[in-house]
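Participant: Next comes the structure file structure_35.txt, holding compact mmCIF, C-alpha atoms (C1' of nucleotides).
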```
# COMPACT_ATOMS: atom_id res chain seq x y z
CA MET U 1 28.39 34.13 40.74
CA SER U 2 27.56 31.05 42.77
CA PRO U 3 25.82 28.72 40.31
CA ALA U 4 23.02 27.42 42.45
CA GLY U 5 22.26 26.18 45.90
CA ARG U 6 20.85 22.82 46.71
CA ALA U 7 22.66 19.91 48.25
CA GLY U 8 22.97 17.90 51.37
CA ARG U 9 25.32 17.61 54.27
CA SER U 10 26.06 21.17 55.32
CA ARG U 11 27.10 22.23 58.76
CA ALA U 12 23.64 22.71 60.16
CA GLY U 13 22.25 25.39 62.41
CA GLN U 14 24.26 26.84 65.23
CA GLY U 15 25.62 30.24 66.00
CA LYS U 16 23.26 33.00 66.90
CA LEU U 17 20.90 34.36 64.37
CA THR U 18 20.66 38.08 63.81
CA ARG U 19 17.42 39.88 64.45
CA GLY U 20 16.65 39.88 60.76
CA CYS U 21 17.34 36.18 60.43
CA ARG U 22 15.02 35.38 63.29
CA ARG U 23 12.20 37.41 61.82
CA VAL U 24 12.61 35.89 58.38
CA LEU U 25 12.82 32.40 59.78
CA ALA U 26 9.68 32.99 61.81
CA VAL U 27 7.73 33.95 58.70
CA LEU U 28 8.96 30.94 56.80
CA GLU U 29 8.12 28.62 59.64
CA GLN U 30 4.60 29.91 59.88
CA THR U 31 3.96 30.01 56.18
CA ARG U 32 5.45 26.64 55.37
CA GLU U 33 5.21 27.59 51.73
CA LEU U 34 7.51 28.70 49.01
CA SER U 35 7.90 32.44 49.50
CA SER U 36 9.93 35.01 47.67
CA ALA U 37 12.09 37.58 49.42
CA GLN U 38 9.55 40.22 48.57
CA ASP U 39 6.71 38.06 49.86
CA ILE U 40 8.50 37.70 53.14
CA HIS U 41 9.25 41.38 53.34
CA GLY U 42 5.63 42.16 52.58
CA MET U 43 4.34 39.86 55.28
CA LEU U 44 6.73 41.32 57.82
CA ARG U 45 5.85 44.90 56.99
CA GLN U 46 2.19 44.16 56.94
CA ALA U 47 2.34 42.89 60.50
CA GLU U 48 4.59 45.70 61.63
CA PRO U 49 5.72 48.81 59.78
CA GLU U 50 9.01 48.80 61.63
CA ALA U 51 9.91 45.32 60.43
CA PRO U 52 13.26 44.64 58.73
CA GLY U 53 13.83 46.27 55.35
CA LEU U 54 14.07 44.44 52.08
CA THR U 55 17.84 44.56 52.07
CA THR U 56 17.97 42.86 55.42
CA VAL U 57 15.55 40.21 54.26
CA TYR U 58 17.82 39.40 51.34
CA ARG U 59 20.86 39.28 53.55
CA SER U 60 19.11 37.16 56.14
CA LEU U 61 17.99 34.67 53.53
CA GLU U 62 21.53 34.41 52.27
CA SER U 63 22.77 33.61 55.77
CA LEU U 64 20.01 31.15 56.47
CA VAL U 65 20.68 29.32 53.24
CA GLY U 66 24.36 29.26 54.10
CA MET U 67 23.54 27.78 57.49
CA GLY U 68 21.42 25.08 55.91
CA LEU U 69 18.24 26.13 57.68
CA VAL U 70 16.55 27.38 54.54
CA GLN U 71 16.75 26.29 50.94
CA SER U 72 16.20 28.42 47.90
CA VAL U 73 14.11 27.13 45.04
CA ASP U 74 14.39 28.39 41.50
CA LEU U 75 11.13 28.07 39.60
CA GLY U 76 12.64 29.68 36.54
CA ASP U 77 10.47 32.77 36.64
CA GLY U 78 13.22 35.06 37.76
CA GLU U 79 12.14 35.19 41.37
CA LYS U 80 13.71 32.83 43.88
CA ARG U 81 11.57 31.21 46.55
CA TYR U 82 12.60 30.07 49.97
CA GLU U 83 11.42 27.53 52.49
CA VAL U 84 12.59 26.05 55.77
CA VAL U 85 14.14 22.62 55.70
CA GLU U 86 15.44 20.17 58.22
CA PRO U 87 18.88 21.55 59.03
CA GLY U 88 21.27 20.50 56.32
CA GLU U 89 18.65 18.65 54.33
CA HIS U 90 17.04 19.53 51.05
CA HIS U 91 14.26 18.29 48.85
CA HIS U 92 12.68 18.83 45.47
CA HIS U 93 9.17 19.62 44.32
CA LEU U 94 6.37 18.70 42.05
CA ILE U 95 4.95 22.07 41.13
CA CYS U 96 1.45 22.22 39.77
CA GLN U 97 1.04 24.66 36.92
CA GLY U 98 -2.67 24.70 37.49
CA CYS U 99 -2.98 25.77 41.10
CA GLY U 100 0.60 26.54 42.02
CA ALA U 101 0.68 23.98 44.79
CA SER U 102 3.96 22.26 45.45
CA VAL U 103 4.48 18.75 46.74
CA HIS U 104 7.75 17.60 48.23
CA LEU U 105 9.43 14.65 46.65
CA ASP U 106 10.28 12.29 49.43
CA GLN U 107 13.58 11.27 48.02
CA CYS U 108 16.34 12.90 46.06
CA LEU U 109 16.90 11.30 42.70
CA VAL U 110 20.31 12.81 42.31
CA GLU U 111 21.94 11.75 45.54
CA ASP U 112 21.33 8.14 44.68
CA LEU U 113 23.37 8.62 41.57
CA GLU U 114 26.37 10.38 42.99
CA LYS U 115 28.51 7.29 43.02
CA SER U 116 27.62 6.10 39.57
CA ILE U 117 28.14 9.55 38.11
CA LYS U 118 31.52 9.73 39.78
CA ALA U 119 32.41 6.37 38.34
CA LYS U 120 31.07 7.04 34.89
CA TYR U 121 32.08 10.64 34.33
CA GLY U 122 34.73 11.25 36.99
CA PHE U 123 32.52 14.09 38.12
CA GLU U 124 32.12 14.91 41.79
CA ILE U 125 28.74 16.40 42.61
CA SER U 126 28.54 19.24 45.08
CA SER U 127 25.03 20.52 44.43
CA HIS U 128 22.15 20.24 42.06
CA VAL U 129 18.84 21.72 41.01
CA LEU U 130 15.76 19.67 40.31
CA GLU U 131 12.19 20.83 39.99
CA VAL U 132 9.33 19.10 38.25
CA PHE U 133 6.36 20.88 36.66
CA GLY U 134 3.00 19.51 35.66
CA ARG U 135 -0.51 18.97 36.97
CA CYS U 136 -1.55 17.76 40.36
CA ARG U 137 -4.32 15.26 40.92
CA GLY U 138 -6.87 17.90 41.73
CA CYS U 139 -6.17 20.00 38.67
CA LEU U 140 -6.21 16.94 36.42
CA LYS U 141 -9.65 16.08 37.68
CA SER U 142 -11.16 19.51 37.25
CA SER U 143 -9.87 19.83 33.69
CA THR U 144 -11.40 16.47 32.73
CA LYS U 145 -14.69 17.19 34.39
CA MET T 1 4.90 33.39 33.87
CA SER T 2 5.85 30.11 32.25
CA PRO T 3 7.61 28.15 34.98
CA ALA T 4 10.43 26.62 33.02
CA GLY T 5 11.21 24.81 29.85
CA ARG T 6 12.62 21.39 29.56
CA ALA T 7 10.84 18.26 28.52
CA GLY T 8 10.53 15.75 25.78
CA ARG T 9 8.15 14.96 22.94
CA SER T 10 7.35 18.28 21.36
CA ARG T 11 6.28 18.73 17.78
CA ALA T 12 9.73 19.03 16.34
CA GLY T 13 11.06 21.37 13.70
CA GLN T 14 9.03 22.31 10.70
CA GLY T 15 7.66 25.53 9.35
CA LYS T 16 10.01 28.11 7.99
CA LEU T 17 12.41 29.89 10.22
CA THR T 18 12.65 33.64 10.15
CA ARG T 19 15.87 35.32 9.19
CA GLY T 20 16.67 35.93 12.84
CA CYS T 21 16.00 32.33 13.81
CA ARG T 22 18.31 31.06 11.09
CA ARG T 23 21.12 33.31 12.19
CA VAL T 24 20.75 32.39 15.83
CA LEU T 25 20.54 28.72 15.04
CA ALA T 26 23.66 28.95 12.92
CA VAL T 27 25.63 30.42 15.80
CA LEU T 28 24.42 27.77 18.20
CA GLU T 29 25.25 25.01 15.78
CA GLN T 30 28.76 26.24 15.30
CA THR T 31 29.43 26.96 18.93
CA ARG T 32 27.94 23.76 20.30
CA GLU T 33 28.20 25.30 23.73
CA LEU T 34 25.91 26.84 26.25
CA SER T 35 25.52 30.45 25.14
CA SER T 36 23.49 33.29 26.53
CA ALA T 37 21.33 35.54 24.40
CA GLN T 38 23.87 38.28 24.78
CA ASP T 39 26.70 35.93 23.87
CA ILE T 40 24.89 35.04 20.69
CA HIS T 41 24.14 38.63 19.87
CA GLY T 42 27.76 39.55 20.47
CA MET T 43 29.02 36.82 18.18
CA LEU T 44 26.62 37.83 15.45
CA ARG T 45 27.49 41.50 15.66
CA GLN T 46 31.17 40.79 15.81
CA ALA T 47 30.99 38.95 12.52
CA GLU T 48 28.73 41.52 10.94
CA PRO T 49 27.61 44.90 12.27
CA GLU T 50 24.31 44.58 10.47
CA ALA T 51 23.41 41.34 12.22
CA PRO T 52 20.10 40.97 14.04
CA GLY T 53 19.57 43.12 17.11
CA LEU T 54 19.34 41.87 20.64
CA THR T 55 15.56 41.98 20.66
CA THR T 56 15.40 39.74 17.64
CA VAL T 57 17.83 37.32 19.22
CA TYR T 58 15.60 37.02 22.25
CA ARG T 59 12.54 36.54 20.10
CA SER T 60 14.26 34.01 17.89
CA LEU T 61 15.40 31.99 20.87
CA GLU T 62 11.87 31.96 22.18
CA SER T 63 10.62 30.57 18.86
CA LEU T 64 13.37 28.03 18.56
CA VAL T 65 12.72 26.75 22.04
CA GLY T 66 9.04 26.54 21.22
CA MET T 67 9.84 24.52 18.13
CA GLY T 68 11.96 22.13 20.11
CA LEU T 69 15.14 22.87 18.19
CA VAL T 70 16.84 24.63 21.06
CA GLN T 71 16.67 24.14 24.79
CA SER T 72 17.23 26.73 27.43
CA VAL T 73 19.33 25.95 30.45
CA ASP T 74 19.07 27.77 33.74
CA LEU T 75 22.30 27.76 35.68
CA GLY T 76 20.82 29.84 38.43
CA ASP T 77 22.97 32.88 37.82
CA GLY T 78 20.19 34.94 36.32
CA GLU T 79 21.32 34.49 32.74
CA LYS T 80 19.74 31.77 30.66
CA ARG T 81 21.87 29.72 28.30
CA TYR T 82 20.81 28.03 25.11
CA GLU T 83 21.99 25.11 23.04
CA VAL T 84 20.80 23.11 20.05
CA VAL T 85 19.26 19.74 20.69
CA GLU T 86 17.95 16.91 18.61
CA PRO T 87 14.51 18.13 17.60
CA GLY T 88 12.13 17.53 20.45
CA GLU T 89 14.76 16.04 22.70
CA HIS T 90 16.39 17.46 25.79
CA HIS T 91 19.16 16.61 28.16
CA HIS T 92 20.76 17.68 31.40
CA HIS T 93 24.27 18.65 32.40
CA LEU T 94 27.07 18.14 34.80
CA ILE T 95 28.49 21.62 35.15
CA CYS T 96 32.01 22.02 36.48
CA GLN T 97 32.37 24.89 38.90
CA GLY T 98 36.10 24.85 38.33
CA CYS T 99 36.42 25.31 34.59
CA GLY T 100 32.82 25.89 33.56
CA ALA T 101 32.76 22.92 31.24
CA SER T 102 29.50 21.10 30.86
CA VAL T 103 28.97 17.43 30.16
CA HIS T 104 25.70 16.05 28.87
CA LEU T 105 24.03 13.38 30.91
CA ASP T 106 23.19 10.60 28.54
CA GLN T 107 19.88 9.81 30.09
CA CYS T 108 17.13 11.73 31.78
CA LEU T 109 16.58 10.69 35.37
CA VAL T 110 13.16 12.24 35.50
CA GLU T 111 11.51 10.65 32.50
CA ASP T 112 12.15 7.24 33.95
CA LEU T 113 10.09 8.20 36.94
CA GLU T 114 7.08 9.71 35.25
CA LYS T 115 4.96 6.64 35.72
CA SER T 116 5.88 6.03 39.32
CA ILE T 117 5.33 9.66 40.19
CA LYS T 118 1.96 9.58 38.52
CA ALA T 119 1.08 6.49 40.48
CA LYS T 120 2.41 7.71 43.77
CA TYR T 121 1.39 11.35 43.74
CA GLY T 122 -1.24 11.51 41.02
CA PHE T 123 0.93 14.14 39.45
CA GLU T 124 1.35 14.35 35.69
CA ILE T 125 4.72 15.71 34.64
CA SER T 126 4.91 18.10 31.73
CA SER T 127 8.40 19.49 32.15
CA HIS T 128 11.29 19.60 34.54
CA VAL T 129 14.58 21.24 35.32
CA LEU T 130 17.68 19.35 36.36
CA GLU T 131 21.24 20.54 36.49
CA VAL T 132 24.12 19.15 38.49
CA PHE T 133 27.07 21.18 39.75
CA GLY T 134 30.44 20.01 40.97
CA ARG T 135 33.96 19.26 39.78
CA CYS T 136 35.00 17.50 36.63
CA ARG T 137 37.79 14.97 36.48
CA GLY T 138 40.33 17.46 35.23
CA CYS T 139 39.62 20.02 37.92
CA LEU T 140 39.67 17.39 40.64
CA LYS T 141 43.13 16.34 39.54
CA SER T 142 44.60 19.81 39.41
CA SER T 143 43.30 20.70 42.86
CA THR T 144 44.84 17.55 44.36
CA LYS T 145 48.15 18.01 42.64
C1' DC J 1 1.35 47.86 -7.52
C1' DT J 2 -1.41 47.90 -3.26
C1' DT J 3 -2.30 46.04 1.05
C1' DA J 4 -2.36 43.43 5.26
C1' DT J 5 0.76 40.90 8.31
C1' DA J 6 4.79 39.36 10.37
C1' DA J 7 9.54 40.51 11.56
C1' DT J 8 12.84 43.75 13.12
C1' DG J 9 15.40 47.43 15.70
C1' DA J 10 16.45 50.96 19.04
C1' DA J 11 15.32 52.87 23.06
C1' DA J 12 12.65 52.90 27.15
C1' DA J 13 10.60 50.19 30.72
C1' DC J 14 10.77 46.37 34.09
C1' DG J 15 11.82 43.97 38.21
C1' DA J 16 14.38 41.14 41.22
C1' DT J 17 18.55 41.50 43.39
C1' DT J 18 22.96 44.13 44.81
C1' DT J 19 25.66 47.72 46.10
C1' DC J 20 26.59 52.10 48.60
C1' DC J 21 26.95 54.47 52.48
C1' DA J 22 25.40 56.61 56.49
C1' DT J 23 23.21 55.24 60.88
C1' DT J 24 22.01 52.10 64.66
C1' DT J 25 22.68 48.14 67.51
C1' DG J 26 25.18 44.95 70.44
C1' DA J 27 28.67 43.00 72.86
C1' DA J 28 33.02 43.61 75.06
C1' DT J 29 35.78 46.65 77.80
C1' DC J 30 37.01 50.31 80.78
C1' DG O 1 27.20 53.64 83.25
C1' DA O 2 30.37 55.36 79.61
C1' DT O 3 33.36 54.09 75.65
C1' DT O 4 34.53 51.65 71.63
C1' DC O 5 34.55 48.92 67.49
C1' DA O 6 32.64 45.65 64.46
C1' DA O 7 28.53 43.73 62.77
C1' DA O 8 23.80 44.61 61.38
C1' DT O 9 20.49 47.52 59.26
C1' DG O 10 17.79 50.64 56.08
C1' DG O 11 16.77 53.38 52.14
C1' DA O 12 18.08 54.97 47.89
C1' DA O 13 20.67 54.28 43.88
C1' DA O 14 22.76 51.19 40.79
C1' DT O 15 22.87 46.60 38.20
C1' DC O 16 21.65 43.88 34.51
C1' DG O 17 19.28 40.36 31.92
C1' DT O 18 15.08 40.42 29.78
C1' DT O 19 10.50 42.64 27.96
C1' DT O 20 7.75 46.22 26.04
C1' DT O 21 6.74 49.80 23.13
C1' DC O 22 6.32 51.67 18.89
C1' DA O 23 7.81 53.07 14.54
C1' DT O 24 10.02 51.05 10.41
C1' DT O 25 10.95 47.31 6.93
C1' DA O 26 10.55 42.94 4.80
C1' DT O 27 7.24 39.28 3.09
C1' DA O 28 3.26 37.41 1.14
C1' DA O 29 -1.14 37.90 -0.86
C1' DG O 30 -4.43 39.76 -3.89
```
Just give me the structure as structure tokens.
Facilitator:
Amino acid sequence: MSPAGRAGRSRAGQGKLTRGCRRVLAVLEQTRELSSAQDIHGMLRQAEPEAPGLTTVYRSLESLVGMGLVQSVDLGDGEKRYEVVEPGEHHHHLICQGCGASVHLDQCLVEDLEKSIKAKYGFEISSHVLEVFGRCRGCLKSSTK
Amino acid sequence: MSPAGRAGRSRAGQGKLTRGCRRVLAVLEQTRELSSAQDIHGMLRQAEPEAPGLTTVYRSLESLVGMGLVQSVDLGDGEKRYEVVEPGEHHHHLICQGCGASVHLDQCLVEDLEKSIKAKYGFEISSHVLEVFGRCRGCLKSSTK
DNA sequence: CTTATAATGAAAACGATTTCCATTTGAATC
DNA sequence: GATTCAAATGGAAATCGTTTTCATTATAAG
């Protein structure tokens, strides 16, 4: 029911993490890539058959997102991805349709506009989704070659 | 597999529309609101039991999006919405989490940046997704009151 | 009219995510 | 250490929007 999840200034990480949360966070910190819940579960189980179940992974991700330690990214293919972020921060991506690589945008286009949107539309922003698709430098080169 | 769908400059509408496409388009043009495939199907069937089936609605939407007559909008709740657009155009929304209303943004923040992103990251944009969530003027008032 | 092709429909299949519910874990207390 | 209760966990079943499958009709040529 919650529309989406991406925005700044949350109450960042504190409180103790459950076992599941710690395991999930560990995977995301190592990987440093956009990973789906099932990816994460797979990696955990591969390393150890007794690792947290899929349900726990989903629940852990939900908590971590709520705590602002992880952000979820919707690439529009029906499978959400997750990645660690600076507590309470967020960022957007340039996603290459050639190789799948994703580059972080170093600034948020939307935050800059919060005030002007409030002034113009009377609309108060609480979150937003922004992802950009295209071709990265490398893939542009190889297709020209 | 296709990441998402939102971007400008497509080859706009030509070619003849199938029966299904015409019916779907008619609904969207009357409604002028974000509607899901199932919404559209429901409205069609309500008006006429012999109306196109759900499968055809999905296929028609796919075609219409491809032709640039309709854009799909992902609100992150697992159900895509659709709306008519100026052929080949697109736009983004401010979506109120209070009343569900959506306001069109009158300009695309991302297009303006295509050149600078190309210059800075070497990344060539082909499409993007941008939706903003929050509270509209009306809902802000009533919650203060 | 005959024929090849695209469009359509209903039902089954899919697949990520949720929900159920019984079991285990952990911390607080006795 | 034993007891207790709530939170965490796991596996299987259920959800649900969307896709596939496949057999049936329009549609357009020839």
Participant: Extract, using all atoms listed in the file, all DNA, RNA and protein residues at most 9 Å from DG17 in chain O, discarding same-chain residues fewer than 5 positions from it, and format them as a list in words.
Facilitator: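 Those residues are Gln38, Gly78, Glu79 and Lys80 of chain T.
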Participant: Quick one: which residues from chain U are at most 9 Å off chain O, using all atoms listed in the file, as a list in words?
Facilitator: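 Selected residues: Thr18, Arg19, Gly20, Pro52, Gly53, Leu54, Thr55 and Thr56 of chain U.
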Participant: What is the CA of Leu44 in chain T-CA of Ser60 in chain T distance in Å, reported with one decimal?
Facilitator: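 Pair CA of Leu44 in chain T / CA of Ser60 in chain T returns 13.2 Å.
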Participant: Which residue gives the smallest distance to Val85 in chain U among U:Leu25, U:Val132, U:Ala51, U:Leu17, with all atoms listed in the file counted?
Facilitator: U:Leu25
Participant: Could you list, as number ranges by chain, every residue within 12 Å of Tyr58 in chain U, counting all atoms listed in the file and ignoring same-chain residues fewer than 4 positions away?
Facilitator: U: 20-21, 24, 36-41, 52-54, 62-65, 72, 80-82; J: 16-18; O: 9
Participant: Can you tell me, as number ranges by chain, what residues are no more than 12 Å from His128 in chain T when counting all atoms listed in the file, ignoring any on the same chain fewer than 2 positions away?
Facilitator: U: 74-76, 92-97, 129-134; T: 3-8, 72-74, 90-92, 108-111, 113-114, 124-126, 130-131
Participant: Against chain T, which residues of chain J fall within 9 Å? For each one I want the closest pair of atoms and the distance in Å (one decimal), counting all atoms listed in the file, rows by chain and increasing residue number, as a Markdown table.
Facilitator:
```
| residue | atom | partner | partner_atom | distance |
| --- | --- | --- | --- | --- |
| J:DA7 | C1' | T:Thr18 | CA | 7.7 |
| J:DT8 | C1' | T:Thr56 | CA | 6.6 |
| J:DG9 | C1' | T:Gly53 | CA | 6.2 |
| J:DA10 | C1' | T:Gly53 | CA | 8.7 |
```
Participant: Could you check the closest approach to chain T for each of U:Glu83, U:Asp77, U:Glu89, U:Asp106 and tell me which residue wins, using all atoms listed in the file?
Facilitator: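 For chain T, the nearest of the given residues is U:Asp77.
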